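Below is the file data-v5.cif, which contains mmCIF, C-alpha atoms.
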```cif
data_start
#
loop_
_atom_site.label_atom_id
_atom_site.label_comp_id
_atom_site.auth_asym_id
_atom_site.auth_seq_id
_atom_site.Cartn_x
_atom_site.Cartn_y
_atom_site.Cartn_z
CA MET A 2 21.34 6.24 3.77
CA LEU A 3 19.47 6.95 0.57
CA GLN A 4 20.92 9.30 -1.99
CA PRO A 5 19.68 12.93 -2.00
CA ARG A 6 17.50 12.11 -5.02
CA PRO A 7 16.78 8.38 -4.89
CA HIS A 8 15.27 6.15 -7.55
CA LEU A 9 11.74 5.15 -6.46
CA LEU A 10 9.69 2.29 -7.89
CA LEU A 11 5.98 3.04 -7.46
CA THR A 12 3.16 0.50 -7.55
CA ASN A 13 -0.16 -0.32 -5.87
CA ASP A 14 -2.89 -2.95 -5.70
CA ASP A 15 -5.89 -0.78 -6.64
CA GLY A 16 -4.95 -0.57 -10.30
CA ILE A 17 -3.96 2.05 -12.81
CA ASP A 18 -7.07 4.21 -12.36
CA SER A 19 -6.74 4.86 -8.62
CA PRO A 20 -6.90 8.61 -7.87
CA LEU A 21 -4.80 8.04 -4.76
CA PHE A 22 -2.04 6.54 -6.92
CA GLU A 23 -2.04 9.66 -9.09
CA LEU A 24 -1.89 11.72 -5.90
CA LEU A 25 1.15 9.72 -4.77
CA ILE A 26 2.97 10.21 -8.07
CA LYS A 27 2.48 13.97 -8.04
CA ALA A 28 3.49 14.24 -4.38
CA LEU A 29 6.71 12.25 -4.82
CA LEU A 30 7.99 14.03 -7.92
CA PRO A 31 10.05 16.50 -5.82
CA TYR A 32 11.51 13.67 -3.72
CA GLY A 33 13.08 11.35 -6.28
CA ASP A 34 13.29 9.89 -9.77
CA LEU A 35 10.23 7.77 -10.39
CA SER A 36 9.69 4.47 -12.16
CA ILE A 37 6.09 3.25 -12.27
CA ALA A 38 4.92 -0.35 -12.67
CA VAL A 39 1.31 -0.85 -11.65
CA PRO A 40 -1.42 -3.47 -12.11
CA ALA A 41 -3.61 -2.79 -15.13
CA LYS A 42 -6.68 -3.55 -13.00
CA GLU A 43 -7.44 -3.88 -9.31
CA GLN A 44 -5.53 -6.63 -7.50
CA SER A 45 -6.67 -6.12 -3.91
CA TRP A 46 -6.38 -9.03 -1.47
CA GLN A 47 -3.72 -10.71 -3.61
CA GLY A 48 -1.06 -10.57 -0.88
CA LYS A 49 2.34 -11.50 -2.29
CA SER A 50 0.89 -13.95 -4.82
CA MET A 51 2.52 -14.19 -8.24
CA THR A 52 1.27 -15.42 -11.59
CA ARG A 53 2.33 -19.04 -11.97
CA HIS A 54 0.51 -19.95 -15.21
CA GLY A 55 -0.41 -17.77 -18.15
CA HIS A 56 1.03 -14.71 -19.82
CA VAL A 57 1.60 -11.42 -17.98
CA ASP A 58 1.01 -8.56 -20.37
CA VAL A 59 3.02 -5.33 -20.09
CA GLN A 60 1.97 -2.12 -21.81
CA GLU A 61 3.61 1.29 -21.79
CA THR A 62 1.29 4.08 -20.70
CA GLU A 63 1.24 7.40 -18.85
CA ILE A 64 -0.11 8.33 -15.42
CA ALA A 65 -0.20 11.89 -14.11
CA GLY A 66 2.02 12.91 -17.00
CA GLN A 67 4.69 10.32 -16.11
CA PRO A 68 5.72 7.27 -18.18
CA ALA A 69 4.49 4.05 -16.64
CA PHE A 70 4.04 0.32 -17.22
CA ALA A 71 0.56 -1.20 -16.91
CA ILE A 72 1.02 -4.86 -16.02
CA GLY A 73 -1.61 -7.59 -16.25
CA GLY A 74 -0.60 -9.26 -13.01
CA THR A 75 -0.38 -8.93 -9.25
CA PRO A 76 1.49 -6.21 -7.34
CA ALA A 77 4.31 -8.67 -6.64
CA ASP A 78 4.42 -9.50 -10.39
CA CYS A 79 4.79 -5.77 -11.08
CA VAL A 80 7.75 -5.39 -8.75
CA ASN A 81 9.56 -8.52 -9.90
CA ILE A 82 9.05 -7.81 -13.60
CA ALA A 83 10.15 -4.20 -13.13
CA LEU A 84 13.26 -5.10 -11.13
CA TYR A 85 14.57 -7.72 -13.51
CA ASN A 86 13.14 -6.77 -16.89
CA LEU A 87 11.99 -3.17 -17.18
CA LEU A 88 14.40 -1.00 -15.19
CA ASP A 89 17.98 -0.16 -16.13
CA SER A 90 19.05 -0.17 -12.48
CA LYS A 91 17.70 -1.43 -9.17
CA PRO A 92 15.63 1.21 -7.36
CA ASP A 93 16.55 2.51 -3.93
CA LEU A 94 13.03 2.05 -2.60
CA VAL A 95 9.67 0.48 -3.46
CA VAL A 96 6.72 2.73 -2.59
CA SER A 97 3.37 0.96 -2.73
CA GLY A 98 0.00 2.72 -2.42
CA ILE A 99 -1.70 4.88 -1.56
CA ASN A 100 -4.05 2.01 -0.82
CA VAL A 101 -7.77 2.80 -0.88
CA GLY A 102 -8.59 1.68 2.64
CA LEU A 103 -6.53 0.73 5.66
CA ASN A 104 -4.12 -2.19 6.02
CA ALA A 105 -4.16 -2.48 9.80
CA GLY A 106 -4.35 -5.71 11.75
CA LEU A 107 -2.76 -9.05 10.98
CA SER A 108 -5.62 -10.41 8.90
CA LEU A 109 -5.58 -7.50 6.44
CA VAL A 110 -1.79 -7.22 6.33
CA TRP A 111 -1.27 -10.80 5.20
CA ALA A 112 -3.89 -10.35 2.47
CA SER A 113 -2.69 -6.94 1.28
CA GLY A 114 -1.31 -6.64 -2.24
CA THR A 115 0.01 -3.21 -1.25
CA ILE A 116 2.27 -4.81 1.32
CA GLY A 117 2.97 -7.86 -0.86
CA ALA A 118 4.57 -5.58 -3.44
CA CYS A 119 6.98 -4.22 -0.84
CA LEU A 120 7.83 -7.69 0.46
CA GLU A 121 8.71 -8.73 -3.09
CA GLY A 122 11.11 -5.80 -3.18
CA ASN A 123 12.54 -6.80 0.21
CA ILE A 124 13.34 -10.27 -1.13
CA ALA A 125 15.42 -8.55 -3.84
CA GLY A 126 17.20 -6.45 -1.21
CA VAL A 127 15.16 -3.28 -1.76
CA PRO A 128 13.48 -1.54 1.20
CA GLY A 129 9.81 -0.65 0.97
CA ILE A 130 7.16 1.63 2.33
CA ALA A 131 3.48 0.68 2.07
CA LEU A 132 1.02 3.57 2.34
CA SER A 133 -2.65 3.03 3.13
CA GLN A 134 -5.44 5.54 3.63
CA GLN A 135 -8.19 4.82 6.13
CA LEU A 136 -11.64 5.85 4.87
CA SER A 137 -15.05 6.24 6.42
CA PRO A 138 -17.48 3.44 5.52
CA GLU A 139 -19.50 5.87 3.40
CA THR A 140 -16.44 7.06 1.49
CA TYR A 141 -15.26 3.52 0.85
CA GLN A 142 -18.70 2.45 -0.38
CA HIS A 143 -18.78 5.42 -2.76
CA TRP A 144 -15.36 4.42 -4.11
CA ASP A 145 -16.36 0.78 -4.46
CA LYS A 146 -19.45 1.74 -6.45
CA HIS A 147 -18.12 4.60 -8.59
CA ARG A 148 -14.31 4.14 -8.64
CA GLU A 149 -13.90 7.78 -7.64
CA PHE A 150 -14.05 10.06 -4.63
CA GLU A 151 -16.34 13.00 -4.12
CA PRO A 152 -14.26 16.15 -4.86
CA VAL A 153 -14.55 17.55 -1.33
CA VAL A 154 -13.32 14.26 0.14
CA PHE A 155 -10.43 13.92 -2.31
CA ASP A 156 -9.30 17.50 -1.63
CA ARG A 157 -9.24 16.80 2.11
CA LEU A 158 -7.26 13.57 1.63
CA GLN A 159 -4.79 15.42 -0.57
CA ARG A 160 -4.24 18.20 1.98
CA ALA A 161 -3.80 15.66 4.77
CA PHE A 162 -1.26 13.63 2.78
CA GLU A 163 0.72 16.78 2.02
CA GLN A 164 0.89 17.34 5.80
CA MET A 165 2.02 13.78 6.53
CA LEU A 166 4.51 13.20 3.72
CA PRO A 167 7.42 15.31 5.07
CA ALA A 168 7.45 13.38 8.36
CA ILE A 169 7.07 10.04 6.57
CA TRP A 170 9.99 10.86 4.31
CA LYS A 171 12.24 12.25 7.06
CA GLU A 172 11.63 9.57 9.67
CA LEU A 173 11.11 6.44 7.56
CA VAL A 174 12.57 6.89 4.10
CA THR A 175 15.70 9.02 4.35
CA PRO A 176 17.55 6.90 6.93
CA GLN A 177 16.36 3.58 5.49
CA ALA A 178 19.02 1.22 4.20
CA ASP A 179 17.95 -2.29 5.25
CA ASN A 180 15.51 -4.38 3.23
CA ILE A 181 12.50 -3.93 5.48
CA THR A 182 8.99 -2.57 4.90
CA TYR A 183 7.29 0.14 6.88
CA ASN A 184 3.52 -0.35 6.91
CA VAL A 185 2.06 3.16 7.18
CA ASN A 186 -1.65 3.71 7.80
CA MET A 187 -3.00 7.25 7.57
CA PRO A 188 -6.17 8.27 9.46
CA PHE A 189 -9.29 9.53 7.73
CA HIS A 190 -9.64 12.29 10.31
CA LEU A 191 -6.09 13.59 10.80
CA GLU A 192 -5.50 15.09 14.23
CA SER A 193 -1.71 15.14 14.06
CA PRO A 194 0.92 14.23 11.42
CA GLU A 195 2.89 12.57 14.22
CA LEU A 196 4.13 9.07 13.34
CA VAL A 197 3.37 6.50 16.04
CA ASN A 198 5.20 3.19 16.27
CA SER A 199 2.55 0.51 16.60
CA TYR A 200 2.17 -3.23 16.34
CA LEU A 201 -0.05 -5.20 13.99
CA GLY A 202 -3.25 -5.57 15.94
CA HIS A 203 -4.89 -8.94 16.48
CA SER A 204 -7.89 -9.15 14.18
CA TRP A 205 -9.58 -12.49 13.82
CA TYR A 206 -12.14 -12.26 11.03
CA GLN A 207 -14.61 -15.04 10.30
CA GLN A 208 -17.15 -14.95 7.47
CA CYS A 209 -15.88 -13.32 4.26
CA PHE A 210 -18.43 -14.58 1.71
CA ILE A 211 -22.22 -14.55 1.33
CA GLY A 212 -24.36 -16.51 -1.08
CA ASN A 213 -25.78 -14.94 -4.22
CA LYS A 214 -28.71 -15.75 -6.49
CA ALA A 215 -26.50 -17.73 -8.86
CA ASP A 216 -25.75 -20.38 -6.22
CA GLY A 217 -22.26 -18.98 -5.74
CA TYR A 218 -20.64 -16.66 -3.22
CA ASP A 219 -19.53 -13.02 -3.24
CA HIS A 220 -16.90 -11.42 -1.03
CA ARG A 221 -18.62 -9.59 1.84
CA MET A 222 -16.45 -9.38 4.95
CA GLN A 223 -18.54 -9.33 8.11
CA PRO A 224 -17.69 -7.20 11.20
CA PHE A 225 -15.14 -8.80 13.48
CA GLU A 226 -13.37 -8.18 16.77
CA LEU A 227 -10.46 -5.74 16.77
CA ASP A 228 -7.50 -5.41 19.12
CA THR A 229 -8.22 -3.10 22.06
CA ALA A 230 -4.62 -2.21 23.04
CA ASP A 231 -3.77 1.48 22.75
CA ASN A 232 -0.64 0.83 20.66
CA ALA A 233 -2.37 -1.50 18.20
CA ASP A 234 -2.34 0.04 14.72
CA ILE A 235 -6.13 0.35 14.42
CA ASN A 236 -6.38 2.28 17.69
CA VAL A 237 -3.58 4.65 16.74
CA LEU A 238 -5.64 5.43 13.62
CA LYS A 239 -8.73 6.01 15.75
CA SER A 240 -6.78 8.66 17.66
CA GLY A 241 -6.20 10.57 14.40
CA ARG A 242 -2.49 9.81 14.20
CA VAL A 243 -0.34 7.96 11.65
CA SER A 244 0.32 4.32 12.49
CA VAL A 245 3.70 2.82 11.53
CA SER A 246 4.57 -0.88 11.84
CA ARG A 247 7.93 -2.39 10.91
CA LEU A 248 7.87 -5.60 8.83
CA ASP A 249 11.17 -7.45 8.60
CA ILE A 250 11.22 -10.58 6.43
CA LYS A 251 14.49 -11.65 8.05
CA THR A 252 12.71 -12.27 11.34
CA PHE A 253 9.46 -13.83 10.08
CA GLY A 254 9.07 -17.30 11.56
CA ARG A 255 12.12 -17.03 13.81
CA LEU A 256 11.71 -18.95 17.04
CA GLU A 257 12.28 -17.02 20.25
CA LYS A 258 14.67 -18.61 22.72
#
```
Please go through the file and, once you have read it, give me the structure as C-alpha cells.
Amino acid sequence: MLQPRPHLLLTNDDGIDSPLFELLIKALLPYGDLSIAVPAKEQSWQGKSMTRHGHVDVQETEIAGQPAFAIGGTPADCVNIALYNLLDSKPDLVVSGINVGLNAGLSLVWASGTIGACLEGNIAGVPGIALSQQLSPETYQHWDKHREFEPVVFDRLQRAFEQMLPAIWKELVTPQADNITYNVNMPFHLESPELVNSYLGHSWYQQCFIGNKADGYDHRMQPFELDTADNADINVLKSGRVSVSRLDIKTFGRLEK
C-alpha cells in the first residue's frame, strides 16, 4: 500500500514541451510529492532502449512551475538516471505520460517509450502506471504539425482527464505495491470513466516507411488489421471507456505448463 502522500517520479516520451505532460503535473500535485525527469526532446517509439554510446546531458529546468530535469536521452535513460543519480530516495511510483496518442495493441506497446520508462522502473522494483490519450486522426495530425492542441480540444481533454483520474488513482495506484505496470489508455470520446480490464490486442502492422525524394525513407505507418475481440484494448477505447492492461515483467517469457 502506498503512503498517503507518495513520492512520484514523472516522465514521458513526447518531450519537455508536451502540453499533456504539463496537464499531468498539475493534476497530480494534490496526490503526491513530484520528481520530474523528462526527455529534452521527443523520444517516441524508443521502447525501453537506453543510450549505450555517447554523453547523456542533464539540465535543471522548470515545468508547470515545478523543478524538473531535462535529459538528453530516452525515457528509460530518464528513469534510470533519476533513480540512481538525481533523487535522494527511491520513488514509490513511476508515472509516465500522458502520451500523445494511444498505446493499445502489442505492436505499439513494445515500441512505446511511455511504457518503456515504466518497465525500467519495474526492473528497479518500482511500480509504474503508463497513461496514454487516444486522439482523433485530425487532432493527432494537428499536434504532429504544430506541437500544440487547438484550445477547445485541449480543454475537453483536460476535463475528461479530471473525470478519469480519481478512479485511476483509487483502483490502480493506491493499492499498488508490486513492481508491475498498468497500461492505461484513455478514449478521445469519453462515455464513462469506468476502468475496464482488457488484454493487449493483436495488431500486426506491416509497412512503416515510405520513400522520399532524397532516396531515403520516412516513417509513415500504414493502416493495419486490429483485434476484433470486445475485451481487446482498442475496442474498449472505441466504446468510450478506459482500457487497463496489466504488464508484469516477472511473467514475460514464462512457458505455460
Residue nearest A:Trp144 among A:Gln47, A:Asn180, A:Ser19, A:Thr252 (counting all atoms listed in the file):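 Among A:Gln47, A:Asn180, A:Ser19, A:Thr252, it is A:Ser19 that comes nearest to A:Trp144.
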Return the single residue from A:Asn236, A:Glu43, A:Glu195, A:Tyr32 that is closest to A:Met165, with distances computed using all atoms listed in the file. A:Glu195
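You can rank A:Asp89, A:Asp216, A:Glu63, A:Asp58 by their closest distance to A:Asp18 using all atoms listed in the file, and at the top of that list sits A:Glu63.
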Written as a ChimeraX atom specification, which residues does the PyMOL selection byres ((chain A and resi 240) around 12) give for the file shown? /A:187-197,231-239,241-244
If you measure from atom CA of A:His220 to atom CA of A:Gly102, what distance in Å do you get, rounded to one decimal? 15.9 Å
Could stretch 78-101 of chain A be completed with N, CA and C atoms and returned as a PDB file, keeping the file's coordinate frame?
```pdb
ATOM      1  N   ASP A  78       3.992  -9.353  -8.981  1.00  0.00           N
ATOM      2  CA  ASP A  78       4.420  -9.500 -10.390  1.00  0.00           C
ATOM      3  C   ASP A  78       5.026  -8.190 -10.879  1.00  0.00           C
ATOM      4  N   CYS A  79       4.336  -7.087 -10.601  1.00  0.00           N
ATOM      5  CA  CYS A  79       4.790  -5.770 -11.080  1.00  0.00           C
ATOM      6  C   CYS A  79       6.190  -5.470 -10.594  1.00  0.00           C
ATOM      7  N   VAL A  80       6.433  -5.705  -9.315  1.00  0.00           N
ATOM      8  CA  VAL A  80       7.750  -5.390  -8.750  1.00  0.00           C
ATOM      9  C   VAL A  80       8.822  -6.298  -9.339  1.00  0.00           C
ATOM     10  N   ASN A  81       8.548  -7.598  -9.402  1.00  0.00           N
ATOM     11  CA  ASN A  81       9.560  -8.520  -9.900  1.00  0.00           C
ATOM     12  C   ASN A  81       9.870  -8.268 -11.373  1.00  0.00           C
ATOM     13  N   ILE A  82       8.834  -8.066 -12.178  1.00  0.00           N
ATOM     14  CA  ILE A  82       9.050  -7.810 -13.600  1.00  0.00           C
ATOM     15  C   ILE A  82       9.801  -6.498 -13.796  1.00  0.00           C
ATOM     16  N   ALA A  83       9.461  -5.483 -13.014  1.00  0.00           N
ATOM     17  CA  ALA A  83      10.150  -4.200 -13.130  1.00  0.00           C
ATOM     18  C   ALA A  83      11.617  -4.328 -12.737  1.00  0.00           C
ATOM     19  N   LEU A  84      11.879  -4.998 -11.629  1.00  0.00           N
ATOM     20  CA  LEU A  84      13.260  -5.100 -11.130  1.00  0.00           C
ATOM     21  C   LEU A  84      14.175  -5.809 -12.117  1.00  0.00           C
ATOM     22  N   TYR A  85      13.676  -6.866 -12.729  1.00  0.00           N
ATOM     23  CA  TYR A  85      14.570  -7.720 -13.510  1.00  0.00           C
ATOM     24  C   TYR A  85      14.377  -7.626 -15.018  1.00  0.00           C
ATOM     25  N   ASN A  86      13.380  -6.846 -15.456  1.00  0.00           N
ATOM     26  CA  ASN A  86      13.140  -6.770 -16.890  1.00  0.00           C
ATOM     27  C   ASN A  86      12.931  -5.362 -17.438  1.00  0.00           C
ATOM     28  N   LEU A  87      12.395  -4.456 -16.646  1.00  0.00           N
ATOM     29  CA  LEU A  87      11.990  -3.170 -17.180  1.00  0.00           C
ATOM     30  C   LEU A  87      12.921  -2.014 -16.815  1.00  0.00           C
ATOM     31  N   LEU A  88      13.588  -2.107 -15.669  1.00  0.00           N
ATOM     32  CA  LEU A  88      14.400  -1.000 -15.190  1.00  0.00           C
ATOM     33  C   LEU A  88      15.872  -1.205 -15.555  1.00  0.00           C
ATOM     34  N   ASP A  89      16.550  -0.104 -15.808  1.00  0.00           N
ATOM     35  CA  ASP A  89      17.980  -0.160 -16.130  1.00  0.00           C
ATOM     36  C   ASP A  89      18.824  -0.379 -14.883  1.00  0.00           C
ATOM     37  N   SER A  90      18.314   0.006 -13.732  1.00  0.00           N
ATOM     38  CA  SER A  90      19.050  -0.170 -12.480  1.00  0.00           C
ATOM     39  C   SER A  90      18.065  -0.453 -11.355  1.00  0.00           C
ATOM     40  N   LYS A  91      18.560  -1.097 -10.314  1.00  0.00           N
ATOM     41  CA  LYS A  91      17.700  -1.430  -9.170  1.00  0.00           C
ATOM     42  C   LYS A  91      17.311  -0.149  -8.440  1.00  0.00           C
ATOM     43  N   PRO A  92      16.045   0.005  -8.081  1.00  0.00           N
ATOM     44  CA  PRO A  92      15.630   1.210  -7.360  1.00  0.00           C
ATOM     45  C   PRO A  92      16.157   1.218  -5.931  1.00  0.00           C
ATOM     46  N   ASP A  93      16.141   2.384  -5.332  1.00  0.00           N
ATOM     47  CA  ASP A  93      16.550   2.510  -3.930  1.00  0.00           C
ATOM     48  C   ASP A  93      15.412   2.150  -2.984  1.00  0.00           C
ATOM     49  N   LEU A  94      14.175   2.231  -3.476  1.00  0.00           N
ATOM     50  CA  LEU A  94      13.030   2.050  -2.600  1.00  0.00           C
ATOM     51  C   LEU A  94      11.801   1.688  -3.430  1.00  0.00           C
ATOM     52  N   VAL A  95      10.987   0.757  -2.910  1.00  0.00           N
ATOM     53  CA  VAL A  95       9.670   0.480  -3.460  1.00  0.00           C
ATOM     54  C   VAL A  95       8.640   1.234  -2.621  1.00  0.00           C
ATOM     55  N   VAL A  96       7.817   2.043  -3.271  1.00  0.00           N
ATOM     56  CA  VAL A  96       6.720   2.730  -2.590  1.00  0.00           C
ATOM     57  C   VAL A  96       5.418   2.194  -3.155  1.00  0.00           C
ATOM     58  N   SER A  97       4.600   1.606  -2.293  1.00  0.00           N
ATOM     59  CA  SER A  97       3.370   0.960  -2.730  1.00  0.00           C
ATOM     60  C   SER A  97       2.165   1.663  -2.098  1.00  0.00           C
ATOM     61  N   GLY A  98       1.180   2.030  -2.924  1.00  0.00           N
ATOM     62  CA  GLY A  98       0.000   2.720  -2.420  1.00  0.00           C
ATOM     63  C   GLY A  98      -0.355   3.888  -3.326  1.00  0.00           C
ATOM     64  N   ILE A  99      -1.030   4.846  -2.842  1.00  0.00           N
ATOM     65  CA  ILE A  99      -1.700   4.880  -1.560  1.00  0.00           C
ATOM     66  C   ILE A  99      -2.907   3.958  -1.650  1.00  0.00           C
ATOM     67  N   ASN A 100      -2.962   2.959  -0.762  1.00  0.00           N
ATOM     68  CA  ASN A 100      -4.050   2.010  -0.820  1.00  0.00           C
ATOM     69  C   ASN A 100      -5.371   2.667  -0.458  1.00  0.00           C
ATOM     70  N   VAL A 101      -6.424   2.304  -1.176  1.00  0.00           N
ATOM     71  CA  VAL A 101      -7.770   2.800  -0.880  1.00  0.00           C
ATOM     72  C   VAL A 101      -8.329   1.945   0.254  1.00  0.00           C
TER      73      VAL A 101
END
```
